[in-house]
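Participant: This one is run-v8.pdb, PDB, C-alpha atoms.
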MODEL        1
ATOM      1  CA  GLY A 148     -15.587  -6.114  -3.605
ATOM      2  CA  GLN A 149     -12.165  -7.087  -2.421
ATOM      3  CA  SER A 150     -10.878  -8.282   0.943
ATOM      4  CA  LEU A 151      -7.628  -9.655   2.297
ATOM      5  CA  GLU A 152      -7.080 -11.425   5.604
ATOM      6  CA  GLN A 153      -3.739 -11.734   7.365
ATOM      7  CA  PRO A 154      -2.781 -12.218  11.019
ATOM      8  CA  SER A 155      -2.367  -9.012  12.973
ATOM      9  CA  GLU A 156       0.818 -10.042  14.794
ATOM     10  CA  VAL A 157       3.513 -12.709  14.635
ATOM     11  CA  THR A 158       6.459 -13.147  17.000
ATOM     12  CA  ALA A 159       9.568 -15.204  16.266
ATOM     13  CA  VAL A 160      13.150 -15.488  17.463
ATOM     14  CA  GLU A 161      16.254 -14.433  15.619
ATOM     15  CA  GLY A 162      17.494 -17.097  13.209
ATOM     16  CA  ALA A 163      14.121 -18.812  12.969
ATOM     17  CA  ILE A 164      11.711 -19.161  10.045
ATOM     18  CA  VAL A 165       8.320 -17.452  10.027
ATOM     19  CA  GLN A 166       5.377 -17.707   7.646
ATOM     20  CA  ILE A 167       2.811 -14.942   7.214
ATOM     21  CA  ASN A 168      -0.413 -16.093   5.582
ATOM     22  CA  CYS A 169      -2.814 -14.124   3.416
ATOM     23  CA  THR A 170      -6.207 -15.109   2.069
ATOM     24  CA  TYR A 171      -8.010 -12.920  -0.395
ATOM     25  CA  GLN A 172     -11.311 -12.403  -2.133
ATOM     26  CA  THR A 173     -11.377 -10.379  -5.282
ATOM     27  CA  SER A 174     -12.826 -10.230  -8.753
ATOM     28  CA  GLY A 175     -10.432 -10.558 -11.633
ATOM     29  CA  PHE A 176      -7.313 -11.539  -9.711
ATOM     30  CA  TYR A 177      -4.091 -10.223 -11.235
ATOM     31  CA  GLY A 178      -1.439 -11.240  -8.758
ATOM     32  CA  LEU A 179      -0.471 -11.176  -5.083
ATOM     33  CA  SER A 180       2.296  -8.901  -3.818
ATOM     34  CA  TRP A 181       4.059  -8.397  -0.512
ATOM     35  CA  TYR A 182       5.379  -5.165   0.980
ATOM     36  CA  GLN A 183       7.470  -4.407   4.046
ATOM     37  CA  GLN A 184       7.062  -1.284   6.160
ATOM     38  CA  HIS A 185       9.308  -0.295   9.045
ATOM     39  CA  ASP A 186       7.977   2.069  11.692
ATOM     40  CA  GLY A 187       7.925   5.601  10.342
ATOM     41  CA  GLY A 188       8.913   4.455   6.868
ATOM     42  CA  ALA A 189       7.204   3.922   3.551
ATOM     43  CA  PRO A 190       6.139   0.491   2.302
ATOM     44  CA  THR A 191       8.699  -1.173   0.056
ATOM     45  CA  PHE A 192       8.061  -3.923  -2.472
ATOM     46  CA  LEU A 193       9.257  -7.435  -1.575
ATOM     47  CA  SER A 194       7.772  -9.910  -4.032
ATOM     48  CA  TYR A 195       5.033 -10.699  -6.507
ATOM     49  CA  ASN A 196       3.286 -13.925  -7.555
ATOM     50  CA  ALA A 197       1.071 -14.114 -10.610
ATOM     51  CA  LEU A 198       1.162 -17.892 -10.979
ATOM     52  CA  ASP A 199       0.918 -20.757  -8.497
ATOM     53  CA  GLY A 200       4.062 -21.789  -6.733
ATOM     54  CA  LEU A 201       6.996 -20.451  -4.829
ATOM     55  CA  GLU A 202       9.096 -17.405  -5.707
ATOM     56  CA  GLU A 203      12.408 -17.059  -3.867
ATOM     57  CA  THR A 204      14.362 -13.867  -3.345
ATOM     58  CA  GLY A 205      17.233 -14.353  -0.925
ATOM     59  CA  ARG A 206      15.932 -14.966   2.594
ATOM     60  CA  PHE A 207      12.373 -14.179   1.525
ATOM     61  CA  SER A 208      10.041 -16.456  -0.428
ATOM     62  CA  SER A 209       6.445 -16.002  -1.448
ATOM     63  CA  PHE A 210       3.894 -18.650  -2.357
ATOM     64  CA  LEU A 211       0.581 -18.508  -4.174
ATOM     65  CA  SER A 212      -2.288 -20.945  -4.638
ATOM     66  CA  ARG A 213      -4.917 -19.355  -6.851
ATOM     67  CA  SER A 214      -7.369 -22.223  -6.407
ATOM     68  CA  ASP A 215      -7.313 -21.619  -2.642
ATOM     69  CA  SER A 216      -7.129 -17.806  -2.903
ATOM     70  CA  TYR A 217      -4.197 -18.073  -0.541
ATOM     71  CA  GLY A 218      -0.608 -17.034  -0.339
ATOM     72  CA  TYR A 219       2.149 -16.668   2.188
ATOM     73  CA  LEU A 220       5.413 -14.878   2.785
ATOM     74  CA  LEU A 221       8.222 -16.975   4.223
ATOM     75  CA  LEU A 222      11.093 -15.274   5.989
ATOM     76  CA  GLN A 223      14.145 -17.394   6.781
ATOM     77  CA  GLU A 224      17.146 -16.772   9.023
ATOM     78  CA  LEU A 225      15.270 -14.007  10.775
ATOM     79  CA  GLN A 226      17.229 -10.925  11.750
ATOM     80  CA  MET A 227      16.294  -8.167  14.185
ATOM     81  CA  LYS A 228      15.996  -5.773  11.249
ATOM     82  CA  ASP A 229      13.133  -7.895   9.877
ATOM     83  CA  SER A 230      10.908  -6.517  12.656
ATOM     84  CA  ALA A 231       8.359  -4.566  10.632
ATOM     85  CA  SER A 232       4.854  -4.719   9.239
ATOM     86  CA  TYR A 233       4.206  -6.908   6.224
ATOM     87  CA  PHE A 234       1.303  -6.294   3.865
ATOM     88  CA  CYS A 235      -0.148  -8.555   1.218
ATOM     89  CA  ALA A 236      -1.775  -6.818  -1.724
ATOM     90  CA  VAL A 237      -3.811  -7.831  -4.746
ATOM     91  CA  ARG A 238      -4.365  -6.220  -8.074
ATOM     92  CA  ASP A 239      -8.075  -6.206  -8.679
ATOM     93  CA  GLY A 240      -9.262  -6.470 -12.258
ATOM     94  CA  THR A 241     -12.446  -4.528 -11.563
ATOM     95  CA  GLY A 242     -12.274  -0.779 -11.861
ATOM     96  CA  GLY A 243      -9.003  -0.589 -13.681
ATOM     97  CA  PHE A 244      -6.515  -2.850 -11.954
ATOM     98  CA  LYS A 245      -6.041  -0.950  -8.750
ATOM     99  CA  THR A 246      -3.936  -2.464  -5.938
ATOM    100  CA  ILE A 247      -5.634  -3.158  -2.611
ATOM    101  CA  PHE A 248      -3.724  -3.903   0.607
ATOM    102  CA  GLY A 249      -4.442  -6.116   3.603
ATOM    103  CA  ALA A 250      -4.416  -4.699   7.122
ATOM    104  CA  GLY A 251      -0.837  -5.865   7.671
ATOM    105  CA  THR A 252       0.972  -8.299   9.950
ATOM    106  CA  ARG A 253       3.250  -6.887  12.610
ATOM    107  CA  LEU A 254       6.354  -9.102  12.952
ATOM    108  CA  PHE A 255       8.329  -8.938  16.174
ATOM    109  CA  VAL A 256      11.760 -10.618  16.084
ATOM    110  CA  LYS A 257      13.206 -11.393  19.515
ATOM    111  CA  ALA A 258      16.853 -12.034  20.342
TER     112      ALA A 258
ATOM    113  CA  GLY B  68      12.725  12.036 -10.593
ATOM    114  CA  ALA B  69      14.588   9.203  -8.919
ATOM    115  CA  GLY B  70      11.814   8.498  -6.456
ATOM    116  CA  VAL B  71       8.302   9.521  -5.502
ATOM    117  CA  SER B  72       8.293  12.917  -3.842
ATOM    118  CA  GLN B  73       5.544  14.126  -1.543
ATOM    119  CA  SER B  74       4.999  17.499   0.049
ATOM    120  CA  PRO B  75       4.523  18.719   2.634
ATOM    121  CA  SER B  76       6.031  16.012   4.819
ATOM    122  CA  ASN B  77       4.062  17.341   7.780
ATOM    123  CA  LYS B  78       0.964  19.501   7.884
ATOM    124  CA  VAL B  79      -0.862  20.720  10.958
ATOM    125  CA  THR B  80      -4.156  22.446  10.306
ATOM    126  CA  GLU B  81      -7.247  23.553  12.140
ATOM    127  CA  LYS B  82     -10.541  21.780  11.800
ATOM    128  CA  GLY B  83     -12.545  23.211   8.928
ATOM    129  CA  LYS B  84      -9.569  24.361   6.860
ATOM    130  CA  ASP B  85      -8.740  23.015   3.404
ATOM    131  CA  VAL B  86      -5.431  21.249   2.710
ATOM    132  CA  GLU B  87      -3.594  20.259  -0.435
ATOM    133  CA  LEU B  88      -1.093  17.425  -0.586
ATOM    134  CA  ARG B  89       1.222  17.049  -3.540
ATOM    135  CA  CYS B  90       2.774  13.984  -5.160
ATOM    136  CA  ASP B  91       5.458  13.943  -7.837
ATOM    137  CA  PRO B  92       5.732  10.374  -9.194
ATOM    138  CA  ILE B  93       8.665   8.638 -10.807
ATOM    139  CA  SER B  94       9.169   9.944 -14.313
ATOM    140  CA  GLY B  95       7.501   7.702 -16.872
ATOM    141  CA  HIS B  96       5.240   5.944 -14.394
ATOM    142  CA  THR B  97       1.722   6.006 -15.767
ATOM    143  CA  ALA B  98      -0.066   4.722 -12.664
ATOM    144  CA  LEU B  99      -0.450   6.818  -9.522
ATOM    145  CA  TYR B 100      -2.165   5.891  -6.266
ATOM    146  CA  TRP B 101      -3.178   7.698  -3.079
ATOM    147  CA  TYR B 102      -3.566   5.725   0.147
ATOM    148  CA  ARG B 103      -4.330   6.778   3.712
ATOM    149  CA  GLN B 104      -2.735   5.132   6.737
ATOM    150  CA  SER B 105      -3.808   5.804  10.291
ATOM    151  CA  LEU B 106      -1.383   5.017  13.120
ATOM    152  CA  GLY B 107      -0.735   1.288  13.303
ATOM    153  CA  GLN B 108      -3.294   0.535  10.616
ATOM    154  CA  GLY B 109      -3.272  -0.745   7.054
ATOM    155  CA  LEU B 110      -3.232   1.160   3.789
ATOM    156  CA  GLU B 111      -6.667   2.443   2.857
ATOM    157  CA  PHE B 112      -7.074   2.893  -0.905
ATOM    158  CA  LEU B 113      -8.297   6.353  -1.894
ATOM    159  CA  ILE B 114      -7.875   6.925  -5.627
ATOM    160  CA  TYR B 115      -6.022   5.494  -8.646
ATOM    161  CA  PHE B 116      -4.952   7.191 -11.845
ATOM    162  CA  GLN B 117      -3.854   5.173 -14.887
ATOM    163  CA  GLY B 118      -2.643   7.094 -17.891
ATOM    164  CA  ASN B 119      -5.403   9.084 -19.532
ATOM    165  CA  SER B 120      -8.192   6.853 -18.225
ATOM    166  CA  ALA B 121     -10.830   8.165 -15.861
ATOM    167  CA  PRO B 122      -9.527   7.805 -12.291
ATOM    168  CA  ASP B 123     -10.907   5.159  -9.954
ATOM    169  CA  LYS B 124     -12.313   7.273  -7.111
ATOM    170  CA  SER B 125     -14.058   4.404  -5.352
ATOM    171  CA  GLY B 126     -11.988   4.745  -2.181
ATOM    172  CA  LEU B 127     -12.555   8.424  -1.459
ATOM    173  CA  PRO B 128     -14.318   8.519   1.933
ATOM    174  CA  SER B 129     -16.486  11.565   1.294
ATOM    175  CA  ASP B 130     -17.076  14.387  -1.164
ATOM    176  CA  ARG B 131     -14.670  16.519   0.883
ATOM    177  CA  PHE B 132     -11.861  14.535  -0.751
ATOM    178  CA  SER B 133     -10.787  15.095  -4.342
ATOM    179  CA  ALA B 134      -7.684  14.540  -6.408
ATOM    180  CA  GLU B 135      -6.384  15.528  -9.777
ATOM    181  CA  ARG B 136      -3.418  14.610 -11.878
ATOM    182  CA  THR B 137      -2.126  17.180 -14.301
ATOM    183  CA  GLY B 138      -0.349  16.245 -17.502
ATOM    184  CA  GLY B 139      -0.111  12.627 -16.449
ATOM    185  CA  SER B 140       2.467  13.523 -13.827
ATOM    186  CA  VAL B 141       2.032  15.533 -10.623
ATOM    187  CA  SER B 142      -1.033  14.822  -8.507
ATOM    188  CA  THR B 143      -2.725  16.887  -5.821
ATOM    189  CA  LEU B 144      -5.015  15.462  -3.152
ATOM    190  CA  THR B 145      -7.340  18.079  -1.701
ATOM    191  CA  ILE B 146      -9.259  17.706   1.535
ATOM    192  CA  GLN B 147     -11.879  20.363   2.142
ATOM    193  CA  ARG B 148     -13.275  21.365   5.536
ATOM    194  CA  THR B 149     -10.888  19.020   7.344
ATOM    195  CA  GLN B 150     -12.116  16.985  10.288
ATOM    196  CA  GLN B 151     -10.107  15.437  13.121
ATOM    197  CA  GLU B 152     -10.728  11.964  11.709
ATOM    198  CA  ASP B 153      -8.811  13.010   8.587
ATOM    199  CA  SER B 154      -5.608  12.948  10.641
ATOM    200  CA  ALA B 155      -3.383  10.268   9.093
ATOM    201  CA  VAL B 156      -0.390   9.732   6.849
ATOM    202  CA  TYR B 157      -1.281  10.143   3.194
ATOM    203  CA  LEU B 158       0.893   7.975   0.972
ATOM    204  CA  CYS B 159       1.366   8.351  -2.736
ATOM    205  CA  ALA B 160       2.711   5.544  -4.926
ATOM    206  CA  SER B 161       3.458   5.165  -8.602
ATOM    207  CA  SER B 162       4.083   2.210 -10.883
ATOM    208  CA  PRO B 163       4.975   1.671 -14.539
ATOM    209  CA  GLY B 164       1.333   0.901 -15.364
ATOM    210  CA  ARG B 165      -0.445  -2.072 -16.825
ATOM    211  CA  ARG B 166       2.595  -3.757 -18.344
ATOM    212  CA  GLY B 167       6.089  -4.503 -17.096
ATOM    213  CA  GLY B 168       6.282  -3.910 -13.386
ATOM    214  CA  ALA B 169       2.689  -2.824 -12.984
ATOM    215  CA  ASN B 170       2.561  -4.765  -9.752
ATOM    216  CA  VAL B 171       5.520  -2.979  -8.222
ATOM    217  CA  LEU B 172       4.434   0.167  -6.442
ATOM    218  CA  THR B 173       7.049   2.666  -5.312
ATOM    219  CA  PHE B 174       5.889   4.777  -2.397
ATOM    220  CA  GLY B 175       6.764   8.265  -1.349
ATOM    221  CA  ALA B 176       7.648   9.080   2.248
ATOM    222  CA  GLY B 177       4.128  10.319   2.921
ATOM    223  CA  SER B 178       2.479  13.484   4.154
ATOM    224  CA  ARG B 179       1.512  13.393   7.818
ATOM    225  CA  LEU B 180      -1.670  15.413   8.354
ATOM    226  CA  THR B 181      -2.759  16.483  11.818
ATOM    227  CA  VAL B 182      -6.114  18.206  12.213
ATOM    228  CA  LEU B 183      -6.522  20.038  15.505
TER     229      LEU B 183
ENDMDL
END
Before we go any further, please render this structure as structure tokens.
Facilitator:
Amino acid sequence: GQSLEQPSEVTAVEGAIVQINCTYQTSGFYGLSWYQQHDGGAPTFLSYNALDGLEETGRFSSFLSRSDSYGYLLLQELQMKDSASYFCAVRDGTGGFKTIFGAGTRLFVKA
Amino acid sequence: GAGVSQSPSNKVTEKGKDVELRCDPISGHTALYWYRQSLGQGLEFLIYFQGNSAPDKSGLPSDRFSAERTGGSVSTLTIQRTQQEDSAVYLCASSPGRRGGANVLTFGAGSRLTVL
């Protein structure tokens, strides 16, 4: 089966840097993705890592270590609008490459 | 279409009734997913369609749940004899499929189901 672990809540102040960790267990790993979801909204895609290392997209970066089954999302220069839930997700090679999500990390950004 | 469309956006039903939720994916996307999200919770995988392959139904919680996808496009999720624990937001997502952007899911706005 598949499982993903991420912290339930993280709090940080505006302008700071925050890291949201994700560990996973899956068969046939095909990449780690991150999604953002604001209250009442739909999840939106942020980033994807298939290979080890850091991917940077503006203020957001995502890291993957396949040997450790671990990744993280790094948010820099935090803004109030970054307050949202963040989900890591893996594509599982068993059963046709479906995408499975973690339980999500609620990020609270304080002024 | 330009995005993933879901209908109805809200559905209130009585316990024991059947409901149908519809998803119209992005044109050309071969992969289609259904997820369920309870208030403040994560996304629970329900079912996955990929092209003409047999769907992955491993996430359906009971035999009261079924889904079909007609013509490789529109999908309908049916919940029979609804129970109060079925109350949740049902999210549909589509992606280009196995190649090129397969890992990027685009979600619809969801259908909020309330079972009284």
Participant: Can you pull out the residues contacting range 176-190 of chain A? Cut-off 10 Å, using only C-alpha atoms, and skip same-chain residues under 6 positions away; I want them as a PyMOL selection string.
Facilitator: (chain A and resi 149+169-170+196-199+209-213+216-220+228-241+244-249+251-253) or (chain B and resi 106-107+110+156+158-160+170-177)
Participant: I need the residues from that last selection saved to file as a PDB file, in the coordinates of the input (with C-alpha atoms), if you can.
Facilitator:
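Full text of result.pdb as output:
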ATOM      1  CA  GLN A 149     -12.165  -7.087  -2.421  1.00  0.00           C
ATOM      2  CA  CYS A 169      -2.814 -14.124   3.416  1.00  0.00           C
ATOM      3  CA  THR A 170      -6.207 -15.109   2.069  1.00  0.00           C
ATOM      4  CA  ASN A 196       3.286 -13.925  -7.555  1.00  0.00           C
ATOM      5  CA  ALA A 197       1.071 -14.114 -10.610  1.00  0.00           C
ATOM      6  CA  LEU A 198       1.162 -17.892 -10.979  1.00  0.00           C
ATOM      7  CA  ASP A 199       0.918 -20.757  -8.497  1.00  0.00           C
ATOM      8  CA  SER A 209       6.445 -16.002  -1.448  1.00  0.00           C
ATOM      9  CA  PHE A 210       3.894 -18.650  -2.357  1.00  0.00           C
ATOM     10  CA  LEU A 211       0.581 -18.508  -4.174  1.00  0.00           C
ATOM     11  CA  SER A 212      -2.288 -20.945  -4.638  1.00  0.00           C
ATOM     12  CA  ARG A 213      -4.917 -19.355  -6.851  1.00  0.00           C
ATOM     13  CA  SER A 216      -7.129 -17.806  -2.903  1.00  0.00           C
ATOM     14  CA  TYR A 217      -4.197 -18.073  -0.541  1.00  0.00           C
ATOM     15  CA  GLY A 218      -0.608 -17.034  -0.339  1.00  0.00           C
ATOM     16  CA  TYR A 219       2.149 -16.668   2.188  1.00  0.00           C
ATOM     17  CA  LEU A 220       5.413 -14.878   2.785  1.00  0.00           C
ATOM     18  CA  LYS A 228      15.996  -5.773  11.249  1.00  0.00           C
ATOM     19  CA  ASP A 229      13.133  -7.895   9.877  1.00  0.00           C
ATOM     20  CA  SER A 230      10.908  -6.517  12.656  1.00  0.00           C
ATOM     21  CA  ALA A 231       8.359  -4.566  10.632  1.00  0.00           C
ATOM     22  CA  SER A 232       4.854  -4.719   9.239  1.00  0.00           C
ATOM     23  CA  TYR A 233       4.206  -6.908   6.224  1.00  0.00           C
ATOM     24  CA  PHE A 234       1.303  -6.294   3.865  1.00  0.00           C
ATOM     25  CA  CYS A 235      -0.148  -8.555   1.218  1.00  0.00           C
ATOM     26  CA  ALA A 236      -1.775  -6.818  -1.724  1.00  0.00           C
ATOM     27  CA  VAL A 237      -3.811  -7.831  -4.746  1.00  0.00           C
ATOM     28  CA  ARG A 238      -4.365  -6.220  -8.074  1.00  0.00           C
ATOM     29  CA  ASP A 239      -8.075  -6.206  -8.679  1.00  0.00           C
ATOM     30  CA  GLY A 240      -9.262  -6.470 -12.258  1.00  0.00           C
ATOM     31  CA  THR A 241     -12.446  -4.528 -11.563  1.00  0.00           C
ATOM     32  CA  PHE A 244      -6.515  -2.850 -11.954  1.00  0.00           C
ATOM     33  CA  LYS A 245      -6.041  -0.950  -8.750  1.00  0.00           C
ATOM     34  CA  THR A 246      -3.936  -2.464  -5.938  1.00  0.00           C
ATOM     35  CA  ILE A 247      -5.634  -3.158  -2.611  1.00  0.00           C
ATOM     36  CA  PHE A 248      -3.724  -3.903   0.607  1.00  0.00           C
ATOM     37  CA  GLY A 249      -4.442  -6.116   3.603  1.00  0.00           C
ATOM     38  CA  GLY A 251      -0.837  -5.865   7.671  1.00  0.00           C
ATOM     39  CA  THR A 252       0.972  -8.299   9.950  1.00  0.00           C
ATOM     40  CA  ARG A 253       3.250  -6.887  12.610  1.00  0.00           C
TER      41      ARG A 253
ATOM     42  CA  LEU B 106      -1.383   5.017  13.120  1.00  0.00           C
ATOM     43  CA  GLY B 107      -0.735   1.288  13.303  1.00  0.00           C
ATOM     44  CA  LEU B 110      -3.232   1.160   3.789  1.00  0.00           C
ATOM     45  CA  VAL B 156      -0.390   9.732   6.849  1.00  0.00           C
ATOM     46  CA  LEU B 158       0.893   7.975   0.972  1.00  0.00           C
ATOM     47  CA  CYS B 159       1.366   8.351  -2.736  1.00  0.00           C
ATOM     48  CA  ALA B 160       2.711   5.544  -4.926  1.00  0.00           C
ATOM     49  CA  ASN B 170       2.561  -4.765  -9.752  1.00  0.00           C
ATOM     50  CA  VAL B 171       5.520  -2.979  -8.222  1.00  0.00           C
ATOM     51  CA  LEU B 172       4.434   0.167  -6.442  1.00  0.00           C
ATOM     52  CA  THR B 173       7.049   2.666  -5.312  1.00  0.00           C
ATOM     53  CA  PHE B 174       5.889   4.777  -2.397  1.00  0.00           C
ATOM     54  CA  GLY B 175       6.764   8.265  -1.349  1.00  0.00           C
ATOM     55  CA  ALA B 176       7.648   9.080   2.248  1.00  0.00           C
ATOM     56  CA  GLY B 177       4.128  10.319   2.921  1.00  0.00           C
TER      57      GLY B 177
END
Participant: Decode the ChimeraX specification (/A :<12) & /B for the given file into explicit residues and return them as a PDB file with C-alpha atoms, in the coordinates of the input.
Facilitator:
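That gives us expr06.pdb:
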ATOM      1  CA  GLY B  70      11.814   8.498  -6.456  1.00  0.00           C
ATOM      2  CA  VAL B  71       8.302   9.521  -5.502  1.00  0.00           C
ATOM      3  CA  SER B  72       8.293  12.917  -3.842  1.00  0.00           C
ATOM      4  CA  GLN B  73       5.544  14.126  -1.543  1.00  0.00           C
ATOM      5  CA  SER B  76       6.031  16.012   4.819  1.00  0.00           C
ATOM      6  CA  ALA B  98      -0.066   4.722 -12.664  1.00  0.00           C
ATOM      7  CA  LEU B  99      -0.450   6.818  -9.522  1.00  0.00           C
ATOM      8  CA  TYR B 100      -2.165   5.891  -6.266  1.00  0.00           C
ATOM      9  CA  TRP B 101      -3.178   7.698  -3.079  1.00  0.00           C
ATOM     10  CA  TYR B 102      -3.566   5.725   0.147  1.00  0.00           C
ATOM     11  CA  ARG B 103      -4.330   6.778   3.712  1.00  0.00           C
ATOM     12  CA  GLN B 104      -2.735   5.132   6.737  1.00  0.00           C
ATOM     13  CA  SER B 105      -3.808   5.804  10.291  1.00  0.00           C
ATOM     14  CA  LEU B 106      -1.383   5.017  13.120  1.00  0.00           C
ATOM     15  CA  GLY B 107      -0.735   1.288  13.303  1.00  0.00           C
ATOM     16  CA  GLN B 108      -3.294   0.535  10.616  1.00  0.00           C
ATOM     17  CA  GLY B 109      -3.272  -0.745   7.054  1.00  0.00           C
ATOM     18  CA  LEU B 110      -3.232   1.160   3.789  1.00  0.00           C
ATOM     19  CA  GLU B 111      -6.667   2.443   2.857  1.00  0.00           C
ATOM     20  CA  PHE B 112      -7.074   2.893  -0.905  1.00  0.00           C
ATOM     21  CA  LEU B 113      -8.297   6.353  -1.894  1.00  0.00           C
ATOM     22  CA  ILE B 114      -7.875   6.925  -5.627  1.00  0.00           C
ATOM     23  CA  TYR B 115      -6.022   5.494  -8.646  1.00  0.00           C
ATOM     24  CA  PHE B 116      -4.952   7.191 -11.845  1.00  0.00           C
ATOM     25  CA  GLN B 117      -3.854   5.173 -14.887  1.00  0.00           C
ATOM     26  CA  GLY B 118      -2.643   7.094 -17.891  1.00  0.00           C
ATOM     27  CA  ASN B 119      -5.403   9.084 -19.532  1.00  0.00           C
ATOM     28  CA  SER B 120      -8.192   6.853 -18.225  1.00  0.00           C
ATOM     29  CA  ALA B 121     -10.830   8.165 -15.861  1.00  0.00           C
ATOM     30  CA  PRO B 122      -9.527   7.805 -12.291  1.00  0.00           C
ATOM     31  CA  ASP B 123     -10.907   5.159  -9.954  1.00  0.00           C
ATOM     32  CA  LYS B 124     -12.313   7.273  -7.111  1.00  0.00           C
ATOM     33  CA  SER B 125     -14.058   4.404  -5.352  1.00  0.00           C
ATOM     34  CA  GLY B 126     -11.988   4.745  -2.181  1.00  0.00           C
ATOM     35  CA  VAL B 156      -0.390   9.732   6.849  1.00  0.00           C
ATOM     36  CA  TYR B 157      -1.281  10.143   3.194  1.00  0.00           C
ATOM     37  CA  LEU B 158       0.893   7.975   0.972  1.00  0.00           C
ATOM     38  CA  CYS B 159       1.366   8.351  -2.736  1.00  0.00           C
ATOM     39  CA  ALA B 160       2.711   5.544  -4.926  1.00  0.00           C
ATOM     40  CA  SER B 161       3.458   5.165  -8.602  1.00  0.00           C
ATOM     41  CA  SER B 162       4.083   2.210 -10.883  1.00  0.00           C
ATOM     42  CA  GLY B 164       1.333   0.901 -15.364  1.00  0.00           C
ATOM     43  CA  ARG B 165      -0.445  -2.072 -16.825  1.00  0.00           C
ATOM     44  CA  ARG B 166       2.595  -3.757 -18.344  1.00  0.00           C
ATOM     45  CA  GLY B 168       6.282  -3.910 -13.386  1.00  0.00           C
ATOM     46  CA  ALA B 169       2.689  -2.824 -12.984  1.00  0.00           C
ATOM     47  CA  ASN B 170       2.561  -4.765  -9.752  1.00  0.00           C
ATOM     48  CA  VAL B 171       5.520  -2.979  -8.222  1.00  0.00           C
ATOM     49  CA  LEU B 172       4.434   0.167  -6.442  1.00  0.00           C
ATOM     50  CA  THR B 173       7.049   2.666  -5.312  1.00  0.00           C
ATOM     51  CA  PHE B 174       5.889   4.777  -2.397  1.00  0.00           C
ATOM     52  CA  GLY B 175       6.764   8.265  -1.349  1.00  0.00           C
ATOM     53  CA  ALA B 176       7.648   9.080   2.248  1.00  0.00           C
ATOM     54  CA  GLY B 177       4.128  10.319   2.921  1.00  0.00           C
ATOM     55  CA  SER B 178       2.479  13.484   4.154  1.00  0.00           C
ATOM     56  CA  ARG B 179       1.512  13.393   7.818  1.00  0.00           C
TER      57      ARG B 179
END
Participant: Given the file shown, determine the residues that the PyMOL selection byres ((chain A and resi 159) around 9) selects; report them as a VMD selection string.
Facilitator: chain A and resid 157 to 158 160 to 165 225 254 to 258
Participant: Residues within 8 Å of Glu81 in chain B, please, as a list in words. Count only C-alpha atoms; anything in the same chain fewer than 3 positions from it doesn't count.
Facilitator: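 The contact residues come out as Lys84, Thr149, Val182 and Leu183 of chain B.
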Participant: To one decimal in Å, tell me the separation between CA of Asp153 in chain B and CA of Val141 in chain B.
Facilitator: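 Pair CA of Asp153 in chain B / CA of Val141 in chain B returns 22.2 Å.
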Participant: Let me make sure I understand: among B:Arg136, B:Arg131, B:Arg148, B:His96, which one has the smallest atom-to-atom distance to Ala69 in chain B if we use all atoms listed in the file?
Facilitator: B:His96
Participant: Using the chain letters and numbers from the file, which residues does the PyMOL selection byres ((chain A and resi 205) around 12) grab, as a ChimeraX atom specification?
Facilitator: /A:193-194,202-204,206-209,221-225
